[in-house]
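**Student:** Below is the file entry-v5.txt, with compact mmCIF, C-alpha atoms.
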```txt
# COMPACT_ATOMS: atom_id res chain seq x y z
CA MET A 1 -17.72 0.04 21.59
CA GLU A 2 -13.99 -0.66 21.90
CA ASN A 3 -11.97 -0.09 18.73
CA SER A 4 -10.28 -3.33 17.63
CA VAL A 5 -7.86 -1.58 15.24
CA ILE A 6 -4.46 -1.78 16.93
CA GLU A 7 -3.33 1.56 15.51
CA ALA A 8 -6.10 3.22 17.54
CA SER A 9 -3.95 2.55 20.61
CA TYR A 10 -0.91 4.40 19.24
CA PRO A 11 0.11 7.54 21.12
CA LEU A 12 -1.37 10.73 19.68
CA THR A 13 2.14 11.90 18.79
CA PHE A 14 2.58 9.04 16.26
CA ARG A 15 3.84 10.55 12.97
CA GLU A 16 2.91 13.89 14.45
CA ASN A 17 4.20 16.06 11.62
CA ASP A 18 2.34 14.00 9.01
CA ALA A 19 -0.85 14.08 11.09
CA LYS A 20 -0.60 17.87 11.48
CA ALA A 21 -0.01 18.39 7.75
CA LEU A 22 -2.89 16.13 6.68
CA GLY A 23 -5.21 17.58 9.34
CA ALA A 24 -4.52 21.14 8.19
CA LEU A 25 -5.34 20.27 4.57
CA LEU A 26 -8.59 18.54 5.54
CA LYS A 27 -9.53 21.40 7.86
CA ASN A 28 -9.50 23.65 4.78
CA ARG A 29 -11.42 21.02 2.79
CA HIS A 30 -8.57 20.30 0.39
CA SER A 31 -8.22 16.92 -1.28
CA VAL A 32 -4.88 15.19 -0.87
CA VAL A 33 -2.75 12.60 -2.65
CA LEU A 34 -0.55 10.80 -0.11
CA ILE A 35 2.52 9.57 -1.98
CA GLY A 36 5.18 7.23 -0.66
CA MET A 37 7.37 4.35 -1.72
CA LYS A 38 5.53 1.03 -1.82
CA ARG A 39 4.81 -0.47 1.64
CA VAL A 40 6.38 2.48 3.47
CA GLY A 41 3.54 2.55 6.00
CA ILE A 42 0.90 4.91 4.58
CA SER A 43 -1.89 2.45 5.38
CA ASN A 44 -0.49 2.03 8.89
CA PHE A 45 -0.51 5.81 9.36
CA LEU A 46 -4.05 6.12 8.01
CA ARG A 47 -5.39 3.39 10.28
CA PHE A 48 -4.09 5.51 13.13
CA PHE A 49 -5.51 8.72 11.63
CA LEU A 50 -8.91 7.16 10.92
CA ASN A 51 -9.38 5.32 14.19
CA HIS A 52 -7.70 7.22 17.01
CA ASN A 53 -10.39 9.05 19.00
CA GLU A 54 -8.34 12.21 19.47
CA VAL A 55 -7.14 12.72 15.89
CA ILE A 56 -10.05 14.86 14.64
CA PRO A 57 -10.23 17.25 17.64
CA THR A 58 -6.43 17.55 17.76
CA TYR A 59 -5.37 17.77 14.12
CA ILE A 60 -8.46 19.02 12.26
CA SER A 61 -10.03 21.00 15.14
CA ASP A 62 -12.31 23.24 13.10
CA GLY A 63 -15.40 22.88 15.28
CA ASN A 64 -17.24 20.77 12.70
CA SER A 65 -18.34 17.15 12.84
CA HIS A 66 -16.44 14.91 10.45
CA LEU A 67 -17.17 11.56 8.81
CA LEU A 68 -14.04 9.71 7.71
CA VAL A 69 -14.80 6.99 5.15
CA SER A 70 -12.11 4.40 4.41
CA VAL A 71 -12.33 2.67 1.01
CA ASP A 72 -9.51 0.12 0.86
CA LEU A 73 -9.10 -0.76 -2.81
CA ASN A 74 -7.19 -3.90 -1.86
CA ASP A 75 -10.72 -5.21 -1.22
CA LEU A 76 -11.62 -4.62 -4.87
CA VAL A 77 -11.32 -8.01 -6.59
CA GLU A 78 -12.73 -6.83 -9.94
CA ARG A 79 -11.09 -3.59 -11.00
CA GLU A 80 -14.06 -2.23 -12.90
CA PHE A 81 -16.31 0.82 -12.51
CA PHE A 82 -19.37 -0.70 -10.88
CA PRO A 83 -17.44 -2.66 -8.22
CA PHE A 84 -15.44 0.51 -7.45
CA TRP A 85 -18.52 2.67 -6.97
CA ILE A 86 -20.56 0.07 -5.08
CA LEU A 87 -17.62 -0.50 -2.71
CA THR A 88 -17.45 3.27 -2.16
CA LEU A 89 -21.18 3.43 -1.41
CA LYS A 90 -20.92 0.42 0.92
CA ARG A 91 -18.13 2.07 2.92
CA ILE A 92 -20.13 5.32 3.14
CA TYR A 93 -23.06 3.30 4.49
CA ASP A 94 -20.79 1.44 6.94
CA SER A 95 -19.40 4.74 8.28
CA VAL A 96 -22.83 6.32 8.59
CA GLU A 97 -24.14 3.23 10.39
CA LYS A 98 -21.34 3.45 12.98
CA SER A 99 -21.77 7.20 13.46
CA SER A 100 -24.05 9.12 15.82
CA MET A 101 -26.23 10.38 12.95
CA ALA A 102 -29.98 10.22 13.22
CA ALA A 103 -31.69 6.87 12.66
CA ALA A 104 -33.60 8.37 9.72
CA THR A 105 -30.34 9.30 7.98
CA LYS A 106 -28.95 5.82 8.49
CA LYS A 107 -32.13 4.31 7.06
CA TYR A 108 -32.00 6.67 4.08
CA VAL A 109 -28.41 5.76 3.17
CA GLU A 110 -29.11 2.06 3.72
CA GLY A 111 -32.02 2.26 1.27
CA LEU A 112 -29.81 3.90 -1.36
CA PHE A 113 -27.21 1.17 -0.94
CA LEU A 114 -29.73 -1.69 -1.19
CA ASP A 115 -31.34 -0.16 -4.29
CA SER A 116 -27.93 0.11 -5.96
CA MET A 117 -27.04 -3.47 -5.10
CA GLN A 118 -30.28 -4.72 -6.62
CA SER A 119 -30.01 -2.63 -9.77
CA LYS A 120 -26.28 -3.24 -10.41
CA ASP A 121 -26.44 0.00 -12.37
CA THR A 122 -23.33 2.23 -12.29
CA PHE A 123 -25.20 5.48 -12.95
CA LEU A 124 -27.73 4.77 -10.17
CA THR A 125 -24.91 3.89 -7.78
CA ILE A 126 -23.07 7.18 -8.42
CA GLU A 127 -26.37 9.01 -7.99
CA SER A 128 -26.90 7.19 -4.67
CA ILE A 129 -23.44 8.29 -3.53
CA ARG A 130 -24.31 11.86 -4.49
CA LYS A 131 -27.58 11.74 -2.54
CA SER A 132 -25.84 10.22 0.49
CA LEU A 133 -23.16 12.92 0.52
CA VAL A 134 -25.71 15.71 0.09
CA LYS A 135 -27.73 14.29 2.99
CA ILE A 136 -24.62 14.07 5.19
CA THR A 137 -23.42 17.60 4.45
CA LYS A 138 -26.89 19.08 4.99
CA GLU A 139 -26.65 17.75 8.54
CA GLY A 140 -23.51 19.85 9.04
CA ILE A 141 -21.10 16.94 8.75
CA MET A 142 -17.91 17.15 6.67
CA PRO A 143 -17.20 13.85 4.82
CA THR A 144 -13.75 12.73 3.71
CA ILE A 145 -13.36 9.62 1.53
CA PHE A 146 -9.99 7.87 1.78
CA PHE A 147 -9.23 5.84 -1.36
CA ILE A 148 -6.43 3.58 -0.13
CA ARG A 149 -4.20 2.12 -2.87
CA PHE A 150 -5.84 4.18 -5.60
CA ASP A 151 -2.89 3.28 -7.84
CA ARG A 152 -4.48 -0.18 -8.23
CA LEU A 153 -6.98 1.50 -10.58
CA LYS A 154 -4.38 3.06 -12.86
CA ASP A 155 -5.36 0.86 -15.83
CA ILE A 156 -9.09 1.62 -15.67
CA VAL A 157 -9.16 5.30 -14.69
CA THR A 158 -10.94 7.41 -17.32
CA PRO A 159 -11.81 11.09 -17.72
CA GLU A 160 -15.40 10.08 -16.88
CA LEU A 161 -14.36 8.68 -13.49
CA PHE A 162 -12.34 11.83 -12.77
CA GLY A 163 -15.37 13.90 -13.77
CA ASN A 164 -17.59 11.87 -11.44
CA LEU A 165 -15.21 12.49 -8.52
CA GLN A 166 -15.23 16.21 -9.24
CA GLY A 167 -19.02 16.20 -9.66
CA LEU A 168 -19.51 14.65 -6.22
CA ARG A 169 -17.45 17.43 -4.66
CA ASP A 170 -19.56 20.02 -6.46
CA ALA A 171 -22.80 18.34 -5.32
CA ALA A 172 -21.55 18.50 -1.73
CA ASN A 173 -20.76 22.23 -2.09
CA GLN A 174 -17.02 21.52 -1.81
CA LYS A 175 -17.54 20.15 1.72
CA LEU A 176 -16.37 16.73 0.54
CA SER A 177 -12.63 15.98 0.55
CA TYR A 178 -10.74 13.02 -0.86
CA VAL A 179 -7.52 11.40 0.29
CA PHE A 180 -5.88 9.16 -2.30
CA THR A 181 -2.90 6.97 -1.49
CA SER A 182 -0.49 6.01 -4.23
CA PHE A 183 3.18 5.21 -4.74
CA ARG A 184 3.19 7.91 -7.46
CA GLY A 185 1.32 11.11 -8.17
CA LEU A 186 -2.00 10.72 -9.99
CA ASP A 187 -0.58 12.56 -13.00
CA VAL A 188 2.13 9.88 -13.23
CA ILE A 189 -0.04 6.76 -12.85
CA SER A 190 -2.71 8.07 -15.27
CA PRO A 191 -1.22 11.05 -17.18
CA ASN A 192 -3.93 11.05 -19.86
CA VAL A 193 -6.65 11.51 -17.24
CA PHE A 194 -5.09 13.52 -14.42
CA ARG A 195 -3.50 16.39 -16.29
CA LYS A 196 -1.39 18.73 -14.17
CA PRO A 197 -3.43 21.94 -14.67
CA SER A 198 -6.73 20.37 -13.55
CA LEU A 199 -5.08 18.15 -10.95
CA SER A 200 -3.39 21.08 -9.21
CA VAL A 201 -6.85 22.54 -8.51
CA PHE A 202 -8.35 19.17 -7.57
CA ALA A 203 -5.81 17.82 -5.04
CA GLN A 204 -2.50 18.57 -3.35
CA ASN A 205 0.41 16.14 -3.11
CA MET A 206 1.77 15.18 0.30
CA PHE A 207 4.76 12.85 0.65
CA ILE A 208 5.10 10.21 3.37
CA LYS A 209 8.64 9.06 4.16
CA PRO A 210 9.91 6.13 6.24
CA ALA A 211 9.09 6.52 9.93
CA ASN A 212 11.50 8.10 12.39
CA LYS A 213 13.01 6.04 15.19
CA GLU A 214 10.40 6.92 17.82
CA ASP A 215 7.48 6.09 15.51
CA ILE A 216 8.95 2.80 14.33
CA LYS A 217 9.50 1.90 18.00
CA VAL A 218 5.76 2.33 18.56
CA ILE A 219 4.97 -0.12 15.75
CA LEU A 220 7.60 -2.58 16.96
CA GLY A 221 6.18 -2.48 20.51
CA ILE A 222 2.68 -3.33 19.31
CA TYR A 223 3.84 -6.25 17.15
CA LYS A 224 6.23 -7.48 19.85
CA ASP A 225 3.25 -7.81 22.18
CA ARG A 226 1.08 -9.42 19.49
CA TYR A 227 3.63 -12.12 18.69
CA LYS A 228 4.68 -12.45 22.37
CA LEU A 229 8.32 -11.90 21.50
CA THR A 230 10.88 -11.49 24.25
CA LEU A 231 13.44 -9.07 22.88
CA SER A 232 16.22 -7.37 24.79
CA PRO A 233 16.86 -3.61 24.37
CA ALA A 234 20.09 -4.39 22.49
CA PHE A 235 18.24 -6.76 20.15
CA ILE A 236 15.53 -4.14 19.52
CA ASP A 237 18.16 -1.51 18.69
CA SER A 238 19.73 -3.90 16.17
CA VAL A 239 16.36 -4.53 14.51
CA LEU A 240 15.55 -0.82 14.33
CA GLU A 241 18.94 -0.10 12.80
CA ALA A 242 18.40 -2.82 10.18
CA VAL A 243 14.88 -1.80 9.08
CA ASP A 244 15.61 1.96 8.98
CA GLY A 245 12.01 3.13 9.48
CA TYR A 246 10.56 1.06 6.62
CA VAL A 247 7.39 -0.51 8.03
CA GLN A 248 7.23 -3.55 5.74
CA TYR A 249 10.81 -4.52 6.60
CA LEU A 250 9.91 -4.31 10.29
CA GLN A 251 6.77 -6.41 9.96
CA LEU A 252 8.50 -9.06 7.87
CA SER A 253 11.42 -9.12 10.33
CA LEU A 254 9.19 -9.81 13.31
CA ILE A 255 7.40 -12.57 11.41
CA SER A 256 10.79 -14.13 10.60
CA PHE A 257 11.88 -14.04 14.24
CA HIS A 258 8.57 -15.62 15.28
CA GLU A 259 8.77 -18.60 12.92
CA PRO A 260 9.27 -22.11 14.38
CA GLY A 261 12.88 -23.17 14.69
CA VAL A 262 14.30 -19.67 14.40
CA LYS A 263 16.65 -18.85 17.26
CA ILE A 264 18.71 -15.72 17.15
CA GLY A 265 21.02 -15.12 20.08
CA GLU A 266 22.21 -11.75 21.29
CA GLU A 267 25.50 -12.13 19.44
CA GLU A 268 23.89 -12.97 16.10
CA ASN A 269 24.17 -10.50 13.23
CA ILE A 270 20.56 -9.39 12.77
CA PHE A 271 21.35 -7.66 9.51
CA ALA A 272 22.93 -10.79 7.99
CA PHE A 273 19.88 -12.85 8.98
CA LEU A 274 17.36 -10.40 7.54
CA SER A 275 19.26 -9.61 4.34
CA LYS A 276 18.94 -13.27 3.29
CA ASP A 277 15.21 -13.56 4.04
CA GLU A 278 13.41 -14.23 0.74
CA ARG A 279 10.40 -12.08 1.69
CA ILE A 280 12.61 -9.09 2.42
CA MET A 281 14.58 -9.61 -0.79
CA LEU A 282 11.31 -9.75 -2.76
CA GLN A 283 10.14 -6.56 -1.06
CA SER A 284 13.42 -4.85 -1.99
CA GLU A 285 12.93 -6.01 -5.57
CA GLU A 286 9.43 -4.51 -5.58
CA LEU A 287 10.86 -1.17 -4.46
CA TRP A 288 13.49 -1.34 -7.21
CA GLU A 289 10.95 -2.22 -9.92
CA SER A 290 8.72 0.71 -8.87
CA LEU A 291 11.41 3.15 -10.05
CA ASN A 292 12.03 4.38 -13.58
CA SER A 293 15.39 3.94 -15.29
CA VAL A 294 16.61 7.45 -14.44
CA GLU A 295 15.83 6.93 -10.75
CA GLN A 296 17.47 3.50 -10.76
CA ASN A 297 20.64 4.88 -12.28
CA VAL A 298 20.79 7.69 -9.73
CA LEU A 299 20.35 5.20 -6.87
CA LEU A 300 23.17 3.03 -8.21
CA LYS A 301 25.45 6.07 -8.43
CA ILE A 302 24.63 7.05 -4.86
CA GLY A 303 25.20 3.46 -3.69
CA GLY A 304 28.57 3.59 -5.43
CA THR A 305 29.35 6.94 -3.73
CA GLN A 306 29.42 8.78 -7.07
CA GLN A 307 28.52 12.44 -7.38
CA ILE A 308 25.02 13.40 -8.54
CA THR A 309 24.49 16.38 -10.82
CA GLU A 310 21.76 18.95 -10.21
CA LYS A 311 20.09 17.80 -13.41
CA GLU A 312 20.01 14.20 -12.20
CA LYS A 313 18.64 15.27 -8.83
CA LYS A 314 15.88 17.25 -10.51
CA GLU A 315 14.94 14.39 -12.85
CA ALA A 316 14.94 11.90 -9.95
CA SER A 317 13.36 14.23 -7.37
CA TYR A 318 10.94 11.42 -6.43
CA LEU A 319 13.82 9.70 -4.62
CA TRP A 320 14.30 12.66 -2.28
CA ASP A 321 10.59 13.46 -1.96
CA THR A 322 9.72 9.93 -0.78
CA GLY A 323 12.85 9.32 1.30
CA PHE A 324 14.65 6.77 -0.87
CA VAL A 325 17.60 9.15 -0.59
CA VAL A 326 18.50 10.85 2.68
CA GLY A 327 21.25 13.14 3.86
CA LYS A 328 23.92 11.57 6.07
CA ASN A 329 26.98 13.52 7.17
CA GLY A 330 26.34 16.07 4.45
CA LYS A 331 26.20 13.45 1.70
CA ASN A 332 23.46 11.61 -0.20
CA ALA A 333 22.78 8.11 1.08
CA ILE A 334 20.28 5.32 0.43
CA PHE A 335 17.66 5.27 3.19
CA SER A 336 17.98 1.61 4.19
CA SER A 337 20.96 -0.65 4.71
CA LEU A 338 18.79 -3.64 3.71
CA PHE A 339 17.78 -1.97 0.46
CA ASN A 340 21.37 -0.86 -0.17
CA TYR A 341 22.49 -4.46 0.35
CA TYR A 342 19.94 -5.63 -2.22
CA LEU A 343 21.29 -3.09 -4.75
CA LYS A 344 24.87 -4.24 -4.23
CA GLN A 345 23.90 -7.90 -4.59
CA ARG A 346 21.97 -7.04 -7.73
CA GLN A 347 25.05 -5.39 -9.23
CA MET A 348 27.31 -8.28 -8.23
CA ASN A 349 24.98 -10.88 -9.77
CA LYS A 350 24.39 -8.92 -12.95
CA GLY A 351 25.22 -11.04 -15.96
CA ASN A 352 25.94 -14.17 -13.90
CA GLY A 353 22.81 -15.94 -15.12
CA SER A 354 19.86 -16.96 -12.98
CA ASN A 355 19.82 -19.78 -10.46
CA VAL A 356 17.49 -22.54 -11.68
CA ASP A 357 16.93 -23.95 -8.20
CA LEU A 358 13.53 -23.05 -6.76
CA SER A 359 13.44 -20.74 -3.77
CA LYS A 360 11.20 -21.57 -0.83
CA LYS A 361 8.34 -19.39 -2.09
CA GLU A 362 8.72 -20.61 -5.68
CA TYR A 363 8.59 -24.21 -4.41
CA LEU A 364 5.39 -23.50 -2.44
CA LEU A 365 3.82 -21.85 -5.49
CA PHE A 366 4.88 -24.71 -7.79
CA ASN A 367 3.41 -27.37 -5.49
CA PHE A 368 0.18 -25.44 -5.04
CA LEU A 369 -0.40 -24.83 -8.76
CA LYS A 370 0.52 -28.43 -9.58
CA SER A 371 -1.89 -29.75 -6.93
CA LYS A 372 -4.64 -27.81 -8.74
CA MET A 373 -3.52 -28.87 -12.22
CA GLY A 374 -5.80 -27.40 -14.87
CA GLU A 375 -7.84 -25.42 -12.31
CA ILE A 376 -7.90 -21.66 -11.87
CA CYS A 377 -6.05 -20.64 -8.72
CA GLU A 378 -7.42 -17.33 -7.47
CA ARG A 379 -4.99 -14.74 -6.15
CA GLU A 380 -6.45 -15.06 -2.67
CA GLU A 381 -5.83 -18.83 -2.74
CA ILE A 382 -2.23 -18.27 -3.83
CA ILE A 383 -1.66 -15.86 -0.95
CA GLN A 384 -3.03 -18.41 1.54
CA ALA A 385 -0.85 -21.18 0.10
CA VAL A 386 2.38 -19.24 -0.33
CA TRP A 387 2.26 -16.31 2.09
CA SER A 388 0.00 -17.54 4.88
CA GLU A 389 2.32 -16.06 7.50
CA VAL A 390 1.95 -12.52 6.13
CA GLU A 391 -1.61 -12.75 4.80
CA GLU A 392 -2.95 -10.24 7.32
CA LEU A 393 -0.36 -7.67 6.20
CA GLY A 394 -1.51 -7.98 2.61
CA VAL A 395 0.45 -9.25 -0.38
CA SER A 396 0.74 -6.96 -3.38
CA ASP A 397 -0.31 -7.86 -6.90
CA TRP A 398 3.28 -7.17 -7.94
CA ALA A 399 4.67 -9.75 -5.50
CA ILE A 400 2.33 -12.45 -6.82
CA ASP A 401 3.00 -11.62 -10.47
CA ARG A 402 6.75 -11.42 -9.91
CA LEU A 403 6.91 -14.79 -8.16
CA VAL A 404 4.89 -16.37 -10.99
CA ALA A 405 7.25 -14.81 -13.55
CA ARG A 406 10.31 -16.21 -11.76
CA LEU A 407 8.74 -19.67 -11.54
CA ARG A 408 7.79 -19.58 -15.23
CA THR A 409 11.39 -18.87 -16.19
CA LYS A 410 12.74 -21.73 -14.09
CA LEU A 411 10.09 -24.18 -15.30
CA ARG A 412 11.41 -23.82 -18.85
CA SER A 413 14.61 -25.51 -17.65
CA LYS A 414 13.33 -27.80 -14.92
CA GLU A 415 9.82 -28.77 -16.07
CA PRO A 416 9.46 -27.87 -19.79
CA ASN A 417 6.31 -29.99 -20.04
CA LEU A 418 4.46 -27.62 -17.71
CA GLU A 419 3.38 -24.02 -18.17
CA ILE A 420 1.54 -21.42 -16.11
CA GLN A 421 -1.27 -19.54 -17.80
CA THR A 422 -2.67 -16.19 -16.68
CA VAL A 423 -6.42 -15.95 -16.12
CA LYS A 424 -7.18 -12.25 -16.41
CA THR A 425 -8.56 -10.54 -13.26
CA ARG A 426 -8.59 -13.86 -11.39
CA GLY A 427 -5.28 -15.68 -11.08
CA TYR A 428 -3.27 -18.46 -12.68
CA LYS A 429 -3.44 -22.13 -13.61
CA MET A 430 -0.86 -24.77 -14.42
CA VAL A 431 -1.39 -26.89 -17.54
CA GLU A 432 0.52 -29.29 -19.77
CA ALA A 433 2.75 -27.28 -22.10
CA SER A 434 1.24 -26.86 -25.56
CA GLY A 435 3.33 -24.14 -27.12
CA ILE A 436 0.80 -21.43 -26.22
CA SER A 437 2.43 -18.02 -26.06
CA ARG A 438 2.54 -16.60 -22.54
```
Go ahead and express the file in the form of C-alpha cells.

**Tutor:**
Amino acid sequence: MENSVIEASYPLTFRENDAKALGALLKNRHSVVLIGMKRVGISNFLRFFLNHNEVIPTYISDGNSHLLVSVDLNDLVEREFFPFWILTLKRIYDSVEKSSMAAATKKYVEGLFLDSMQSKDTFLTIESIRKSLVKITKEGIMPTIFFIRFDRLKDIVTPELFGNLQGLRDAANQKLSYVFTSFRGLDVISPNVFRKPSLSVFAQNMFIKPANKEDIKVILGIYKDRYKLTLSPAFIDSVLEAVDGYVQYLQLSLISFHEPGVKIGEEENIFAFLSKDERIMLQSEELWESLNSVEQNVLLKIGGTQQITEKEKKEASYLWDTGFVVGKNGKNAIFSSLFNYYLKQRQMNKGNGSNVDLSKKEYLLFNFLKSKMGEICEREEIIQAVWSEVEELGVSDWAIDRLVARLRTKLRSKEPNLEIQTVKTRGYKMVEASGISR
C-alpha cells in the first residue's frame, strides 16, 4: 500500500545527521528526549523517520525487526491518565495491524484494546499495553513508542506515570524504547517527577535545531508542488533566506503567498511582506514566551550586539543547544532575521501602550465567539473559524490562549459589556459581562 505521508517521499539524506544520531540511540535500545524550540520541525523530521521505507535498514541497521509506534499527543483532547493510556494502546494496535505480524498476534492485541475500551479502567489498559509489548518482543520485534508533544502533559505527569513507563520497559526486558518530543527537557517541564539522577538512566537528550539550507529546500519543494506555486529560483532563495531553516516560518510563508489576492513580484521585498504577517508575528511571540527571563535577556543583548559573559552563556545554554543562537563571522547571532525583527519591534514598542484596534485574527475570533453567544466554543471549532488556512499544520494551545488573552484585553476598552470565559479542558464562551473574575 502506498504511503500517503508526504515526508515518506523525502530523500533518505533528509536531516541525515539527526537521523544517524537517533538511529544509533535506538539501535542500542536507548530512550530519547528530542528537544527543540517550538515548531522547529521535530514532527516533520519524525514523520520522515517513521514513514520512509529505508530509514530502519539505513539508520538503525541492527538486523532486528522494528515496530515504530507514533502517539501524537495533539490528538489527546482530555489531558488525563485514561485517555493518554488508551490512545497509546490504540496506536500500538494500529501499528500492529499495519505490520506483517501473524494474524493471531493482531487478533490478540485487538482483543486487549477492545477489552480496555469497554472497561474504561486505567489499570487494565496499562496491563493490556504491557501484555501487547511482551507479545511483540517475544516475536523478536523491537518496539519504539514515539510520544510526540509530550510537553502537553506537563501539568498531569506524576511519579506514578513515570513509574508505569519504566515498568513497561522492564516488562519488555529493556527491548522497548521511547522517544519523547518536547520544547524542554523532561526535568524542566516536570522537575518534581523527572529528577535528573533517575532521568539520566531513563533517557538521553538529543537537540534538534533549525534545518540546514538543503533540508529546508526539500520541504519547500514538497509544499510548492502541493500549493501549485510557480516560484522563480531568485524568489525561492529570498524565501529561504527569510525563514532561516525554521519550518513553521516556511509553512506559514507559503500559505501567505497562496492566499487569494496576494501578488508578490520579483522585485518585492519578501522579508518586509513576511515580517508583517500576523501569523508569523504570533509564532515569533510564542518562541519568545517559551523562554525564561535569563534567556530573554541574553537574546536581547545579542540582538543589541552586546557581549555575553561565560556565566550568561552557561545559564542560557538552551539558546545554543536548540539553535536560537548561532555563530556568524565568529560572533553570536540570532538564528532568524524574522525572529530578530520581532525582538527589535518588541523593544521599540515597549511602553508605548497597546493598540486597541482588533487584528485580523482577533476580529475573526471576536465574530465567532459572538455568533455563539453563551455557548461553549471548543478549541477545534476556534481553529476552524480562525485558522482554517493552517488547520492541517496544527495550531498550538498557546496560540489559541494568547489570541484569547489579547482579545480580552481589547474588549475591556471596546466592548466592556462582553467578556470571554474559560471552560476548562474544552474552550471558551462569550457572555454578557457580570463582573466575574477571569

**Student:** Compile a residue-level contact table for range 192-288 of chain A against range 8-25 of chain A at a cut-off of 8 Å, reporting for every qualifying residue the shortest atom pair and its distance in Å to one decimal, with only C-alpha atoms counted, rows ordered by chain and ascending number, as a tab-separated table.

**Tutor:**
```
residue	atom	partner	partner_atom	distance
A:Met206	CA	A:Leu22	CA	8.0
A:Ile208	CA	A:Asp18	CA	7.3
A:Ala211	CA	A:Arg15	CA	7.3
A:Asp215	CA	A:Phe14	CA	5.8
A:Val218	CA	A:Tyr10	CA	7.0
```

**Student:** Step by step: start from the point (-10.9, 8.0, 12.5) in the file's coordinates, keep every protein, DNA or RNA residue that has an atom no farther than 10 Å from it, count all atoms listed in the file, and write the set as an mmCIF file with C-alpha atoms, keeping the file's coordinate frame.

**Tutor:**
```
data_model
loop_
_atom_site.group_PDB
_atom_site.id
_atom_site.type_symbol
_atom_site.label_atom_id
_atom_site.label_comp_id
_atom_site.auth_asym_id
_atom_site.auth_seq_id
_atom_site.Cartn_x
_atom_site.Cartn_y
_atom_site.Cartn_z
ATOM 1 C CA ALA A 8 -6.100 3.220 17.540
ATOM 2 C CA LEU A 46 -4.050 6.120 8.010
ATOM 3 C CA ARG A 47 -5.390 3.390 10.280
ATOM 4 C CA PHE A 48 -4.090 5.510 13.130
ATOM 5 C CA PHE A 49 -5.510 8.720 11.630
ATOM 6 C CA LEU A 50 -8.910 7.160 10.920
ATOM 7 C CA ASN A 51 -9.380 5.320 14.190
ATOM 8 C CA HIS A 52 -7.700 7.220 17.010
ATOM 9 C CA ASN A 53 -10.390 9.050 19.000
ATOM 10 C CA GLU A 54 -8.340 12.210 19.470
ATOM 11 C CA VAL A 55 -7.140 12.720 15.890
ATOM 12 C CA ILE A 56 -10.050 14.860 14.640
ATOM 13 C CA HIS A 66 -16.440 14.910 10.450
ATOM 14 C CA LEU A 67 -17.170 11.560 8.810
ATOM 15 C CA LEU A 68 -14.040 9.710 7.710
ATOM 16 C CA VAL A 69 -14.800 6.990 5.150
ATOM 17 C CA SER A 70 -12.110 4.400 4.410
#
```

**Student:** Just how far from CA of Ser4 in chain A is CA of Gln283 in chain A, in Å to one decimal?

**Tutor:** 27.9 Å

**Student:** Check the smallest atom-to-atom distance from each of A:Val32, A:Leu165, A:Ala385, A:Leu282 to Arg402 in chain A using only C-alpha atoms, then report the winner.

**Tutor:**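 Counting only C-alpha atoms, the residue closest to Arg402 in chain A is A:Leu282.
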
**Student:** Please provide as a PDB file with C-alpha atoms, keeping the file's coordinate frame all residues within 9 Å of Val294 in chain A, with the sequence filter that same-chain residues fewer than 4 positions apart are discarded (counting all atoms listed in the file).

**Tutor:**
```pdb
ATOM      1  CA  VAL A 298      20.790   7.690  -9.730  1.00  0.00           C
ATOM      2  CA  LEU A 299      20.350   5.200  -6.870  1.00  0.00           C
ATOM      3  CA  GLU A 312      20.010  14.200 -12.200  1.00  0.00           C
ATOM      4  CA  GLU A 315      14.940  14.390 -12.850  1.00  0.00           C
ATOM      5  CA  ALA A 316      14.940  11.900  -9.950  1.00  0.00           C
TER       6      ALA A 316
END
```

**Student:** The residues within 7 Å of (-1.3, -22.6, -4.9), using all atoms listed in the file and the coordinates of the file, should be reported as a list in words; which are they?

**Tutor:**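 Collected hits near the coordinates: Leu365, Asn367, Phe368, Leu369, Cys377, Glu381, Ile382, Ala385 and Val386 of chain A.
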
**Student:** How far is it from CA of Glu295 in chain A to CA of Leu319 in chain A, in Å with one decimal?

**Tutor:** 7.0 Å

**Student:** Which one of A:Lys106, A:Arg29, A:Lys38, A:Lys361 sits closest to Gln384 in chain A if you count only C-alpha atoms?

**Tutor:**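 Between A:Lys106, A:Arg29, A:Lys38, A:Lys361, the residue approaching Gln384 in chain A most closely is A:Lys361.
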
**Student:** Counting only C-alpha atoms, what are the residues of range 158-267 of chain A within 12 Å of range 80-97 of chain A, and for each of them which pair of atoms is the nearest and at what distance in Å, to one decimal? Sort the table by chain and rising number, as CSV.

**Tutor:**
```
residue,atom,partner,partner_atom,distance
A:Thr158,CA,A:Phe81,CA,9.8
A:Glu160,CA,A:Phe81,CA,10.3
A:Leu161,CA,A:Phe81,CA,8.2
A:Phe162,CA,A:Phe81,CA,11.7
A:Asn164,CA,A:Trp85,CA,10.3
A:Leu165,CA,A:Trp85,CA,10.5
A:Tyr178,CA,A:Thr88,CA,11.9
```

**Student:** Have a look at CA of Asp62 in chain A and CA of Asp170 in chain A and let me know their distance in Å, one decimal.

**Tutor:**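 Separation of CA of Asp62 in chain A and CA of Asp170 in chain A: 21.1 Å.
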
**Student:** Between A:Val390, A:Leu418, A:Val326, A:Leu254, which has the minimum distance to Asp225 in chain A (counting only C-alpha atoms)?

**Tutor:** A:Leu254
